[in-house]
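Only one structure is covered here, and it is reproduced in the block below.
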Amino acid sequence: MLLKAALTSFRRGDSLTAAPVSATHDVSLKHLAAYNEVCGFGLRDALPLTYPHVLGFPSQMRLMTGPGFPFPLPGLVHVANRITQSRPLTLDEPLEITVSARDLREHPQGTQVDVVTSVSGVWEGVSTYLRRTRSGSSSGEELQRPAGSAVWRVPADIGRRYGAVSGDRNPIHLHPLSAKLFGFTRAIAHGMWTKARCLAALEGRLPEAVAVDVRFKKPLLIPGRVEFSARENPDGWEFAVWGKGPHLVGSTGLGSAT
């Protein structure tokens, strides 16, 4: 679905007029189990914090390839994601999903936009995308490598496996040859898989009402070897995934969906 959308969506624009897209989903236990296995979650009644993002993915693609969305999919970079929930969603409740776009804004490297997925009034995911139109540094921030608490060996097929459960079959994740067409030396892991893997490592240690912010930094080439770090602080957790440089940096805190 994503590849087809990418090949047929080449709009240009400087305004954001896309109408929200809505859908209702029932959770499939088989699909949930497959997602949990790929990302490292245990199977329980409460849905993993990142799972609603996957359920909303078809609606996200409808919005981003439909009229009123200013950017084509090719070249868009997922640079950040924030998930907030006021309570856990459960596998036996029907989910009302609405996807919208907001806050078209300038960035030192181009233009950013937020794609917002809201679920049943208790869960919200905000994915920030960057359309690069100029070079330059995004910030003067210098990140310090944290002490690793675990070593992860990320297999070469994780992009295909996550793509199968998420529906995100972007060719940069699927095979070295297709990734090379987009300038990568090898396939790269999905950013949302990396976030999910981090939260699986923190499973059972986060409050039910929680907000989790991550920034996606350097692409995680697969196969790869990375270090995961997590440190608790008075507000929640700080965590990161590093290889030769930072792939993901994140933090948690208390939150409620709006």
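In the structure tokens, each chain is lettered A, B, ... as it comes, each chain's residues begin at 1, and ligands are numbered from 1 in order of appearance.
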
Q: For range 198-209 of chain A, please output as a list in words all residues within 7 Å (counting only C-alpha atoms; exclusion window: fewer than 3 positions along the same chain).
A: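 Everything that qualifies: Cys39, Gly40, Phe41, Gln85, Ser86, Arg87, Pro88, Thr194, Lys195, Leu254, Gly255 and Ser256 of chain A.
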
Take the residues from that selection and write them out as a PDB file, in the first residue's frame, keeping N, CA, C and O atoms.
ATOM      1  N   CYS A  39       7.868  -7.077  18.105  1.00  0.00           N
ATOM      2  CA  CYS A  39       8.377  -5.928  18.869  1.00  0.00           C
ATOM      3  C   CYS A  39       8.886  -6.292  20.260  1.00  0.00           C
ATOM      4  O   CYS A  39       9.548  -5.472  20.903  1.00  0.00           O
ATOM      5  N   GLY A  40       8.559  -7.493  20.748  1.00  0.00           N
ATOM      6  CA  GLY A  40       9.075  -7.916  22.043  1.00  0.00           C
ATOM      7  C   GLY A  40       8.129  -7.740  23.212  1.00  0.00           C
ATOM      8  O   GLY A  40       8.530  -7.925  24.362  1.00  0.00           O
ATOM      9  N   PHE A  41       6.857  -7.410  22.951  1.00  0.00           N
ATOM     10  CA  PHE A  41       5.884  -7.255  24.031  1.00  0.00           C
ATOM     11  C   PHE A  41       5.334  -8.612  24.455  1.00  0.00           C
ATOM     12  O   PHE A  41       5.250  -9.542  23.650  1.00  0.00           O
ATOM     13  N   GLN A  85      -1.342   8.698  26.447  1.00  0.00           N
ATOM     14  CA  GLN A  85      -2.593   8.014  26.757  1.00  0.00           C
ATOM     15  C   GLN A  85      -3.004   8.318  28.199  1.00  0.00           C
ATOM     16  O   GLN A  85      -2.164   8.471  29.078  1.00  0.00           O
ATOM     17  N   SER A  86      -4.323   8.408  28.405  1.00  0.00           N
ATOM     18  CA  SER A  86      -4.846   8.641  29.751  1.00  0.00           C
ATOM     19  C   SER A  86      -5.166   7.341  30.459  1.00  0.00           C
ATOM     20  O   SER A  86      -5.264   7.301  31.686  1.00  0.00           O
ATOM     21  N   ARG A  87      -5.338   6.277  29.684  1.00  0.00           N
ATOM     22  CA  ARG A  87      -5.512   4.934  30.233  1.00  0.00           C
ATOM     23  C   ARG A  87      -5.176   3.936  29.149  1.00  0.00           C
ATOM     24  O   ARG A  87      -5.252   4.244  27.948  1.00  0.00           O
ATOM     25  N   PRO A  88      -4.836   2.697  29.517  1.00  0.00           N
ATOM     26  CA  PRO A  88      -4.558   1.705  28.476  1.00  0.00           C
ATOM     27  C   PRO A  88      -5.826   1.336  27.713  1.00  0.00           C
ATOM     28  O   PRO A  88      -6.915   1.246  28.281  1.00  0.00           O
ATOM     29  N   THR A 194      11.625   0.582  16.343  1.00  0.00           N
ATOM     30  CA  THR A 194      12.647   0.884  17.344  1.00  0.00           C
ATOM     31  C   THR A 194      12.013   1.448  18.601  1.00  0.00           C
ATOM     32  O   THR A 194      12.386   1.076  19.728  1.00  0.00           O
ATOM     33  N   LYS A 195      11.032   2.346  18.449  1.00  0.00           N
ATOM     34  CA  LYS A 195      10.335   2.881  19.619  1.00  0.00           C
ATOM     35  C   LYS A 195       9.595   1.779  20.358  1.00  0.00           C
ATOM     36  O   LYS A 195       9.658   1.690  21.591  1.00  0.00           O
ATOM     37  N   LEU A 254       4.265  11.648  32.808  1.00  0.00           N
ATOM     38  CA  LEU A 254       2.840  11.487  32.981  1.00  0.00           C
ATOM     39  C   LEU A 254       2.103  12.241  31.892  1.00  0.00           C
ATOM     40  O   LEU A 254       2.555  13.300  31.442  1.00  0.00           O
ATOM     41  N   GLY A 255       0.971  11.715  31.462  1.00  0.00           N
ATOM     42  CA  GLY A 255       0.235  12.403  30.404  1.00  0.00           C
ATOM     43  C   GLY A 255      -1.174  11.920  30.308  1.00  0.00           C
ATOM     44  O   GLY A 255      -1.550  10.887  30.880  1.00  0.00           O
ATOM     45  N   SER A 256      -1.970  12.686  29.575  1.00  0.00           N
ATOM     46  CA  SER A 256      -3.341  12.294  29.268  1.00  0.00           C
ATOM     47  C   SER A 256      -3.667  12.751  27.870  1.00  0.00           C
ATOM     48  O   SER A 256      -3.263  13.843  27.460  1.00  0.00           O
TER      49      SER A 256
END

Write out as a tab-separated table a residue-level contact list of range 126-198 of chain A versus range 99-121 of chain A with cut-off 7 Å: for each qualifying residue the closest pair of atoms and the distance in Å to one decimal, counting only C-alpha atoms, rows sorted by chain and residue number upward.
residue	atom	partner	partner_atom	distance
A:Val126	CA	A:Val116	CA	4.5
A:Ser127	CA	A:Val115	CA	5.2
A:Thr128	CA	A:Asp114	CA	4.5
A:Tyr129	CA	A:Val113	CA	5.5
A:Leu130	CA	A:Gln112	CA	4.5
A:Arg131	CA	A:Thr111	CA	5.3
A:Arg132	CA	A:Gly110	CA	4.6
A:Thr133	CA	A:Gly110	CA	4.7
A:Arg134	CA	A:Gln109	CA	5.0
A:Ser135	CA	A:Gln109	CA	5.6
A:Gly136	CA	A:Gln109	CA	6.0
A:Ser138	CA	A:Pro108	CA	5.8

Keeping N, CA and C atoms, export the residues of the selection given above as a PDB file, in the first residue's frame.
ATOM      1  N   VAL A 126       1.328  11.647  17.793  1.00  0.00           N
ATOM      2  CA  VAL A 126       1.699  12.766  16.920  1.00  0.00           C
ATOM      3  C   VAL A 126       3.014  12.412  16.236  1.00  0.00           C
ATOM      4  N   SER A 127       2.951  12.184  14.945  1.00  0.00           N
ATOM      5  CA  SER A 127       4.151  11.901  14.154  1.00  0.00           C
ATOM      6  C   SER A 127       4.543  13.159  13.393  1.00  0.00           C
ATOM      7  N   THR A 128       5.772  13.586  13.588  1.00  0.00           N
ATOM      8  CA  THR A 128       6.281  14.781  12.916  1.00  0.00           C
ATOM      9  C   THR A 128       7.111  14.360  11.709  1.00  0.00           C
ATOM     10  N   TYR A 129       6.752  14.920  10.550  1.00  0.00           N
ATOM     11  CA  TYR A 129       7.449  14.612   9.304  1.00  0.00           C
ATOM     12  C   TYR A 129       8.141  15.870   8.777  1.00  0.00           C
ATOM     13  N   LEU A 130       9.320  15.660   8.222  1.00  0.00           N
ATOM     14  CA  LEU A 130      10.114  16.745   7.649  1.00  0.00           C
ATOM     15  C   LEU A 130      10.248  16.539   6.152  1.00  0.00           C
ATOM     16  N   ARG A 131       9.931  17.588   5.412  1.00  0.00           N
ATOM     17  CA  ARG A 131      10.201  17.626   3.972  1.00  0.00           C
ATOM     18  C   ARG A 131      11.447  18.465   3.773  1.00  0.00           C
ATOM     19  N   ARG A 132      12.577  17.808   3.486  1.00  0.00           N
ATOM     20  CA  ARG A 132      13.845  18.519   3.347  1.00  0.00           C
ATOM     21  C   ARG A 132      13.911  19.227   2.000  1.00  0.00           C
ATOM     22  N   THR A 133      14.170  20.525   2.053  1.00  0.00           N
ATOM     23  CA  THR A 133      14.351  21.298   0.830  1.00  0.00           C
ATOM     24  C   THR A 133      15.658  22.082   0.844  1.00  0.00           C
ATOM     25  N   ARG A 134      16.388  22.009   1.940  1.00  0.00           N
ATOM     26  CA  ARG A 134      17.677  22.688   2.025  1.00  0.00           C
ATOM     27  C   ARG A 134      18.567  21.946   3.021  1.00  0.00           C
ATOM     28  N   SER A 135      19.860  22.152   2.870  1.00  0.00           N
ATOM     29  CA  SER A 135      20.814  21.501   3.745  1.00  0.00           C
ATOM     30  C   SER A 135      21.030  22.344   4.995  1.00  0.00           C
ATOM     31  N   GLY A 136      21.784  21.782   5.909  1.00  0.00           N
ATOM     32  CA  GLY A 136      22.066  22.496   7.144  1.00  0.00           C
ATOM     33  C   GLY A 136      21.714  21.648   8.340  1.00  0.00           C
ATOM     34  N   SER A 138      19.927  20.660  11.813  1.00  0.00           N
ATOM     35  CA  SER A 138      18.612  20.904  12.403  1.00  0.00           C
ATOM     36  C   SER A 138      18.723  21.611  13.747  1.00  0.00           C
TER      37      SER A 138
END

Test item: residues at most 12 Å from range 176-189 of chain A, only C-alpha atoms, excluding those fewer than 3 positions along its chain, as an mmCIF file with N, CA, C and O atoms, in the first residue's frame:
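Listing of result-v9.cif after writing:
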data_model
loop_
_atom_site.group_PDB
_atom_site.id
_atom_site.type_symbol
_atom_site.label_atom_id
_atom_site.label_comp_id
_atom_site.auth_asym_id
_atom_site.auth_seq_id
_atom_site.Cartn_x
_atom_site.Cartn_y
_atom_site.Cartn_z
ATOM 1 N N LEU A 3 4.066 1.565 -0.890
ATOM 2 C CA LEU A 3 4.841 1.712 -2.130
ATOM 3 C C LEU A 3 3.971 2.279 -3.236
ATOM 4 O O LEU A 3 4.379 3.188 -3.959
ATOM 5 N N CYS A 39 7.868 -7.077 18.105
ATOM 6 C CA CYS A 39 8.377 -5.928 18.869
ATOM 7 C C CYS A 39 8.886 -6.292 20.260
ATOM 8 O O CYS A 39 9.548 -5.472 20.903
ATOM 9 N N PRO A 74 7.415 10.332 -1.107
ATOM 10 C CA PRO A 74 8.856 10.151 -1.302
ATOM 11 C C PRO A 74 9.632 11.353 -0.768
ATOM 12 O O PRO A 74 9.329 12.502 -1.072
ATOM 13 N N GLY A 75 10.611 11.069 0.062
ATOM 14 C CA GLY A 75 11.433 12.134 0.621
ATOM 15 C C GLY A 75 10.999 12.614 1.985
ATOM 16 O O GLY A 75 11.753 13.319 2.660
ATOM 17 N N LEU A 76 9.790 12.257 2.429
ATOM 18 C CA LEU A 76 9.368 12.646 3.780
ATOM 19 C C LEU A 76 10.163 11.852 4.809
ATOM 20 O O LEU A 76 10.342 10.641 4.683
ATOM 21 N N ARG A 153 20.920 -7.216 18.953
ATOM 22 C CA ARG A 153 21.332 -7.567 17.593
ATOM 23 C C ARG A 153 20.078 -7.546 16.718
ATOM 24 O O ARG A 153 19.181 -8.378 16.897
ATOM 25 N N VAL A 154 20.013 -6.584 15.841
ATOM 26 C CA VAL A 154 18.813 -6.364 15.035
ATOM 27 C C VAL A 154 18.963 -7.146 13.737
ATOM 28 O O VAL A 154 19.880 -6.894 12.954
ATOM 29 N N PRO A 155 18.087 -8.132 13.483
ATOM 30 C CA PRO A 155 18.269 -9.008 12.322
ATOM 31 C C PRO A 155 17.951 -8.317 11.004
ATOM 32 O O PRO A 155 17.244 -7.309 10.951
ATOM 33 N N ALA A 156 18.445 -8.896 9.936
ATOM 34 C CA ALA A 156 18.279 -8.313 8.600
ATOM 35 C C ALA A 156 16.832 -8.320 8.140
ATOM 36 O O ALA A 156 16.440 -7.503 7.299
ATOM 37 N N ASP A 157 16.018 -9.232 8.677
ATOM 38 C CA ASP A 157 14.633 -9.328 8.208
ATOM 39 C C ASP A 157 13.645 -8.542 9.066
ATOM 40 O O ASP A 157 12.438 -8.640 8.844
ATOM 41 N N ILE A 158 14.120 -7.740 10.021
ATOM 42 C CA ILE A 158 13.177 -7.056 10.919
ATOM 43 C C ILE A 158 12.317 -6.051 10.148
ATOM 44 O O ILE A 158 11.154 -5.821 10.497
ATOM 45 N N GLY A 159 12.850 -5.460 9.092
ATOM 46 C CA GLY A 159 12.053 -4.528 8.296
ATOM 47 C C GLY A 159 10.903 -5.228 7.592
ATOM 48 O O GLY A 159 9.777 -4.719 7.559
ATOM 49 N N ARG A 160 11.173 -6.418 7.037
ATOM 50 C CA ARG A 160 10.110 -7.172 6.372
ATOM 51 C C ARG A 160 9.093 -7.685 7.389
ATOM 52 O O ARG A 160 7.883 -7.667 7.136
ATOM 53 N N ARG A 161 9.569 -8.138 8.539
ATOM 54 C CA ARG A 161 8.659 -8.676 9.557
ATOM 55 C C ARG A 161 7.778 -7.571 10.136
ATOM 56 O O ARG A 161 6.568 -7.748 10.292
ATOM 57 N N TYR A 162 8.369 -6.422 10.444
ATOM 58 C CA TYR A 162 7.556 -5.330 10.976
ATOM 59 C C TYR A 162 6.644 -4.772 9.890
ATOM 60 O O TYR A 162 5.490 -4.408 10.161
ATOM 61 N N GLY A 163 7.136 -4.713 8.667
ATOM 62 C CA GLY A 163 6.291 -4.242 7.577
ATOM 63 C C GLY A 163 5.070 -5.110 7.392
ATOM 64 O O GLY A 163 3.983 -4.614 7.065
ATOM 65 N N ASP A 168 3.429 -1.001 6.827
ATOM 66 C CA ASP A 168 4.389 -0.020 6.325
ATOM 67 C C ASP A 168 5.469 -0.748 5.537
ATOM 68 O O ASP A 168 6.497 -1.139 6.086
ATOM 69 N N ARG A 169 5.227 -0.915 4.242
ATOM 70 C CA ARG A 169 6.164 -1.651 3.390
ATOM 71 C C ARG A 169 6.980 -0.702 2.521
ATOM 72 O O ARG A 169 7.190 -0.937 1.327
ATOM 73 N N ASN A 170 7.440 0.345 3.111
ATOM 74 C CA ASN A 170 8.345 1.267 2.426
ATOM 75 C C ASN A 170 9.582 0.489 1.986
ATOM 76 O O ASN A 170 10.184 -0.239 2.781
ATOM 77 N N PRO A 171 9.996 0.607 0.724
ATOM 78 C CA PRO A 171 11.112 -0.202 0.225
ATOM 79 C C PRO A 171 12.430 0.028 0.946
ATOM 80 O O PRO A 171 13.315 -0.828 0.880
ATOM 81 N N ILE A 172 12.600 1.144 1.639
ATOM 82 C CA ILE A 172 13.850 1.372 2.374
ATOM 83 C C ILE A 172 14.007 0.410 3.545
ATOM 84 O O ILE A 172 15.113 0.245 4.074
ATOM 85 N N HIS A 173 12.924 -0.250 3.946
ATOM 86 C CA HIS A 173 12.965 -1.169 5.081
ATOM 87 C C HIS A 173 13.034 -2.635 4.673
ATOM 88 O O HIS A 173 13.268 -3.493 5.522
ATOM 89 N N MET A 192 9.317 3.357 14.146
ATOM 90 C CA MET A 192 8.295 2.964 15.111
ATOM 91 C C MET A 192 8.530 1.555 15.649
ATOM 92 O O MET A 192 8.070 1.229 16.746
ATOM 93 N N TRP A 193 9.245 0.707 14.911
ATOM 94 C CA TRP A 193 9.665 -0.567 15.499
ATOM 95 C C TRP A 193 10.683 -0.304 16.605
ATOM 96 O O TRP A 193 10.599 -0.899 17.683
ATOM 97 N N THR A 194 11.625 0.582 16.343
ATOM 98 C CA THR A 194 12.647 0.884 17.344
ATOM 99 C C THR A 194 12.013 1.448 18.601
ATOM 100 O O THR A 194 12.386 1.076 19.728
ATOM 101 N N LYS A 195 11.032 2.346 18.449
ATOM 102 C CA LYS A 195 10.335 2.881 19.619
ATOM 103 C C LYS A 195 9.595 1.779 20.358
ATOM 104 O O LYS A 195 9.658 1.690 21.591
ATOM 105 N N ALA A 196 8.899 0.934 19.611
ATOM 106 C CA ALA A 196 8.162 -0.157 20.247
ATOM 107 C C ALA A 196 9.108 -1.093 20.996
ATOM 108 O O ALA A 196 8.801 -1.549 22.113
ATOM 109 N N ARG A 197 10.254 -1.384 20.399
ATOM 110 C CA ARG A 197 11.220 -2.276 21.056
ATOM 111 C C ARG A 197 11.711 -1.678 22.362
ATOM 112 O O ARG A 197 11.910 -2.397 23.353
ATOM 113 N N PHE A 216 13.853 10.546 16.228
ATOM 114 C CA PHE A 216 14.586 9.604 15.404
ATOM 115 C C PHE A 216 15.804 10.334 14.825
ATOM 116 O O PHE A 216 15.670 11.364 14.163
ATOM 117 N N LYS A 218 19.898 9.023 13.590
ATOM 118 C CA LYS A 218 20.525 8.345 12.458
ATOM 119 C C LYS A 218 19.751 7.071 12.092
ATOM 120 O O LYS A 218 19.265 6.364 12.981
ATOM 121 N N PRO A 219 19.638 6.752 10.801
ATOM 122 C CA PRO A 219 18.985 5.501 10.415
ATOM 123 C C PRO A 219 19.704 4.290 11.015
ATOM 124 O O PRO A 219 20.930 4.263 11.121
ATOM 125 N N LEU A 220 18.923 3.276 11.410
ATOM 126 C CA LEU A 220 19.475 2.045 11.971
ATOM 127 C C LEU A 220 19.582 1.034 10.837
ATOM 128 O O LEU A 220 18.592 0.431 10.421
ATOM 129 N N LEU A 221 20.798 0.866 10.315
ATOM 130 C CA LEU A 221 21.026 -0.076 9.229
ATOM 131 C C LEU A 221 20.911 -1.504 9.740
ATOM 132 O O LEU A 221 21.389 -1.823 10.844
ATOM 133 N N ILE A 222 20.268 -2.358 8.937
ATOM 134 C CA ILE A 222 20.091 -3.751 9.350
ATOM 135 C C ILE A 222 20.712 -4.700 8.318
ATOM 136 O O ILE A 222 20.684 -4.422 7.126
ATOM 137 N N PRO A 223 21.316 -5.804 8.863
ATOM 138 C CA PRO A 223 21.435 -6.154 10.272
ATOM 139 C C PRO A 223 22.363 -5.183 11.001
ATOM 140 O O PRO A 223 23.203 -4.531 10.378
ATOM 141 N N GLY A 224 22.188 -5.129 12.316
ATOM 142 C CA GLY A 224 22.992 -4.190 13.085
ATOM 143 C C GLY A 224 23.103 -4.610 14.546
ATOM 144 O O GLY A 224 22.348 -5.446 15.035
ATOM 145 N N ARG A 225 24.055 -4.010 15.204
ATOM 146 C CA ARG A 225 24.270 -4.217 16.637
ATOM 147 C C ARG A 225 24.179 -2.864 17.310
ATOM 148 O O ARG A 225 24.901 -1.934 16.945
ATOM 149 N N VAL A 226 23.278 -2.723 18.274
ATOM 150 C CA VAL A 226 23.070 -1.443 18.942
ATOM 151 C C VAL A 226 23.020 -1.656 20.450
ATOM 152 O O VAL A 226 22.831 -2.781 20.930
ATOM 153 N N HIS A 247 20.549 6.543 17.293
ATOM 154 C CA HIS A 247 19.441 6.214 16.402
ATOM 155 C C HIS A 247 18.126 6.756 16.924
ATOM 156 O O HIS A 247 17.275 7.191 16.148
ATOM 157 N N LEU A 248 17.942 6.715 18.231
ATOM 158 C CA LEU A 248 16.716 7.160 18.863
ATOM 159 C C LEU A 248 17.041 7.667 20.254
ATOM 160 O O LEU A 248 17.837 7.053 20.981
#

Q: Find the spatial neighbours of Leu63 in chain A, counting only C-alpha atoms, within a cut-off of 12 Å - ignore same-chain residues fewer than 2 positions away - and output them as a PyMOL selection string.
A: chain A and resi 5+9+16-23+56-61+65-73+98-102+114-117

Q: Work out how far CA of Val79 in chain A is from CA of Arg62 in chain A, in Å to one decimal.
A: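 CA of Arg62 in chain A sits 20.1 Å away from CA of Val79 in chain A.
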
(Q) Could you check the closest approach to Ser28 in chain A for each of A:Val212, A:Leu174, A:Ala147, A:Leu55 and tell me which residue wins, using only C-alpha atoms? (A)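 Smallest separation from Ser28 in chain A among the options: A:Leu55.
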
**Q.** Which of range 36-140 of chain A DSSP labels strand (DSSP E), written as JSON, numbers by chain
**A.** {"A": [76, 77, 78, 79, 80, 81, 82, 83, 84, 85, 95, 96, 97, 98, 99, 100, 101, 102, 103, 104, 105, 106, 107, 110, 111, 112, 113, 114, 115, 116, 117, 118, 119, 123, 124, 125, 126, 127, 128, 129, 130, 131, 132]}

**Q.** Atom pair CA of Arg215 in chain A / CA of Asp14 in chain A: separation (Å)
**A.** 24.9 Å
